[in-house]
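Input: a single structure, listed below in structure tokens.
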Amino acid sequence: MRKVAALGSTLLAVCVGGATASGRALDPCPTVRTLDDHRASIEQVVAAARERIPHVYATVNYGQGRHPRVTRATSLIREVIWLSLPTKEGRRLRARAAKFCGNDVAFNSWAVVVEFPGAQTTDNQFAAFLAKTRSGWRLYGSVEQP
Amino acid sequence: MQRARIGGIAAAATLAAAGLVVTGSNATPADFHFDQCPKAGTLAQSPQTIEEVVAAARALIPHVFAGINNAQGRNPPVTKANTNITEVLALFHSTTQATRYRKAAAKSCGSRVAYRSWAVLAQFPDMQMAGYSQLAAFLVKTTSGWRLYSSVWDPR
């Protein structure tokens with residue numbers, strides 16, 4: 001029982017430290033104060049996602065002794081959604097994003113749904129949450145997408 | 001003709017109930033200039049990147065929705081600065097949102113074209129009717145280029 005509790009607190013520490021249980025090296029949470037007030041264009045969001053995805057999902061294609069890199073050709077962006085939108089999908093994803101860095105950050109974020117066709121597991125599609133801060137973009141959260 | 005018109009009204013009523021109002025085919029406002037429906041055989045076979053879709057939307061929206069900001073004798077042009085793209089999604093996805101838009105797109109050009117299409121949500125903050133300032137435009141790539149063939153109002 002004590003071992004289970006210790007394992008639980010270790011896992012919690014890993015999550016708080018900016019990485020998910022599946023080994024994603026997420027960026028640290030931005031604070032509300034550091035968010036960029038200027039609304040980003042969709043082109044900026046896509047460019048930021050292209051830049052951050054190979055870092056955060058660096059190991060997604062690893063398997064059977066092979067270590068293929070994540071490139072633009074192997075990460076297919078299927079959806080981009082502004083999370084301030086009061087759409088059903090926007091609300092659903094905003095709730096997921098809020099679990100990482102709180103409601104205020106989630107409300108100012110974008111979700112990018114990306115598929116990795118070269119991934120070795122069946123869970124190869126994720127919604128990545130990005131927010132623009134004054135010092136650049138952060139990819140602070142990621143959830144599997146069915 | 002009358003039967004087709006009634007069918008169109010019934011379809012529009014169904015979509016309106018779902019929160020969507022078709023602006024393609026018979027219900028096209030005079031100000032909009034949609035491209036013709038592509039034939040299924042002319043659809044591009046290669047996968048498209050999100051960058052391509054956004055660039056196509058930026059190129060076509062100012063032409064198709066040229067008159068959307070017209071009001072009270074003023075005709076402000078549709079530009080990148082007054083068109084906020086808030087969402088882009090591939091319609092072959094099985095998400096609720098994609099399914100909803102795919103059904104709406106299929107009303108205009110059929111299910112095969114709809115399945116290969118993308119929806120681009122655009123807001124027009126300079127439009128006079130605030131309640132109708134957001135729409136989803138449907139684009140598809142053909143062997144001869146992109147077509148923006150329909151749209152739905154998406155008042156929220």
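Lettering and numbering for the structure tokens are positional, with chains as A, B, ... in the shown order, residues counted from 1 in each chain, and ligands counted from 1 in the shown order.
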Counting only C-alpha atoms, collect the residues of chain A whose closest atom lies at most 9 Å from chain B, and write them out as an mmCIF file with C-alpha atoms, in the first residue's frame.
```cif
data_model
loop_
_atom_site.group_PDB
_atom_site.id
_atom_site.type_symbol
_atom_site.label_atom_id
_atom_site.label_comp_id
_atom_site.auth_asym_id
_atom_site.auth_seq_id
_atom_site.Cartn_x
_atom_site.Cartn_y
_atom_site.Cartn_z
ATOM 1 C CA SER A 41 -3.664 34.345 -36.960
ATOM 2 C CA ILE A 42 -4.245 30.764 -37.976
ATOM 3 C CA GLU A 43 -1.018 30.860 -39.998
ATOM 4 C CA VAL A 46 0.108 26.336 -37.646
ATOM 5 C CA ALA A 47 3.718 27.583 -37.800
ATOM 6 C CA LEU A 76 -0.464 15.364 -40.292
ATOM 7 C CA ILE A 77 -2.448 18.265 -38.880
ATOM 8 C CA ARG A 78 -6.159 17.473 -39.235
ATOM 9 C CA GLU A 79 -7.802 20.239 -37.229
ATOM 10 C CA VAL A 80 -7.013 23.619 -35.751
ATOM 11 C CA ILE A 81 -9.532 25.076 -33.307
ATOM 12 C CA TRP A 82 -9.536 28.358 -31.412
ATOM 13 C CA LEU A 83 -10.612 27.472 -27.882
ATOM 14 C CA LEU A 85 -15.115 29.558 -29.617
ATOM 15 C CA PRO A 86 -18.358 28.507 -27.942
ATOM 16 C CA THR A 87 -18.691 25.450 -30.166
ATOM 17 C CA LYS A 88 -19.346 22.023 -28.723
ATOM 18 C CA GLU A 89 -15.931 20.792 -29.836
ATOM 19 C CA PRO A 146 -10.228 9.015 -30.516
#
```
### Message
Just list as a PyMOL selection string whatever in region 47-130 of chain B DSSP marks as helix (DSSP H, G or I).
### Response
chain B and resi 50-64+96-109+111-115+130
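Using only C-alpha atoms, the nearest neighbour of Leu60 (chain B) within the list B:Val140, B:Arg100, B:Val152, B:Ala44 is B:Val140.
Reported to one decimal place, the separation of CA of Val78 (chain B) from CA of Cys37 (chain B) is 23.2 Å.
Omitting Thr79 (chain B) and its sequence neighbours fewer than 4 positions away, and counting only C-alpha atoms, the residues within 10 Å are Arg58, Ala59, Ile61, Pro62, His63, Ala66, Thr83, Asn84 and Phe124 of chain B.
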### Query
So what do you get for CA of Phe138 (chain B) versus CA of Ala114 (chain B), distance-wise?
8.1 Å
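We find CA of Arg134 (chain A) and CA of Leu26 (chain A) to be spaced 18.1 Å apart.
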### Task
Tell me which protein, DNA and RNA residues are within 12 Å of Lys99 (chain A), counting only C-alpha atoms, leaving out same-chain ones fewer than 4 positions away, and put them as a PyMOL selection string.
chain A and resi 15-16+29+92-95+103-107+129+140-143
### Task
Once DSSP has gone over the backbone, tell me which residues of region 2-141 of chain A are in strand (DSSP E or B), as a ChimeraX atom specification.
/A:19,25,35,63,66,76-82,109-115,125-133,136-141
### Query
Could you name the residues that touch Phe126 (chain A) at 9 Å or less, counting only C-alpha atoms, but leaving out those on the same chain fewer than 5 positions away, as number ranges by chain?
A: 112-116, 142-146
Could you dump the residues just selected with N, CA and C atoms as a PDB file, in the first residue's frame?
```
ATOM      1  N   VAL A 112      -4.636  21.851 -31.660  1.00  0.00           N
ATOM      2  CA  VAL A 112      -4.195  21.356 -32.970  1.00  0.00           C
ATOM      3  C   VAL A 112      -4.272  19.828 -32.917  1.00  0.00           C
ATOM      4  N   VAL A 113      -5.116  19.257 -33.756  1.00  0.00           N
ATOM      5  CA  VAL A 113      -5.248  17.796 -33.790  1.00  0.00           C
ATOM      6  C   VAL A 113      -4.262  17.259 -34.816  1.00  0.00           C
ATOM      7  N   VAL A 114      -3.353  16.412 -34.324  1.00  0.00           N
ATOM      8  CA  VAL A 114      -2.271  15.930 -35.194  1.00  0.00           C
ATOM      9  C   VAL A 114      -2.250  14.405 -35.177  1.00  0.00           C
ATOM     10  N   GLU A 115      -2.029  13.846 -36.355  1.00  0.00           N
ATOM     11  CA  GLU A 115      -1.954  12.388 -36.495  1.00  0.00           C
ATOM     12  C   GLU A 115      -0.531  12.005 -36.891  1.00  0.00           C
ATOM     13  N   PHE A 116      -0.030  10.927 -36.277  1.00  0.00           N
ATOM     14  CA  PHE A 116       1.302  10.418 -36.610  1.00  0.00           C
ATOM     15  C   PHE A 116       1.130   9.039 -37.252  1.00  0.00           C
ATOM     16  N   SER A 142      -1.390  17.850 -23.943  1.00  0.00           N
ATOM     17  CA  SER A 142      -1.643  16.916 -25.038  1.00  0.00           C
ATOM     18  C   SER A 142      -2.565  15.816 -24.537  1.00  0.00           C
ATOM     19  N   VAL A 143      -3.601  15.524 -25.316  1.00  0.00           N
ATOM     20  CA  VAL A 143      -4.488  14.406 -24.968  1.00  0.00           C
ATOM     21  C   VAL A 143      -4.708  13.557 -26.210  1.00  0.00           C
ATOM     22  N   GLU A 144      -4.916  12.273 -25.978  1.00  0.00           N
ATOM     23  CA  GLU A 144      -5.202  11.390 -27.109  1.00  0.00           C
ATOM     24  C   GLU A 144      -6.571  11.728 -27.658  1.00  0.00           C
ATOM     25  N   GLN A 145      -6.676  11.674 -28.968  1.00  0.00           N
ATOM     26  CA  GLN A 145      -7.949  11.931 -29.633  1.00  0.00           C
ATOM     27  C   GLN A 145      -8.470  10.623 -30.199  1.00  0.00           C
ATOM     28  N   PRO A 146      -9.700  10.266 -29.940  1.00  0.00           N
ATOM     29  CA  PRO A 146     -10.228   9.015 -30.516  1.00  0.00           C
ATOM     30  C   PRO A 146     -10.334   9.111 -32.027  1.00  0.00           C
TER      31      PRO A 146
END
```
### Message
Need to verify the contact set: region 56-59 of chain A, 8 Å, only C-alpha atoms, exclusion of same-chain residues closer than 3 positions in sequence. Can you return it as a ChimeraX atom specification?
### Response
/A:24-27,52-53,62,67,69-70,139
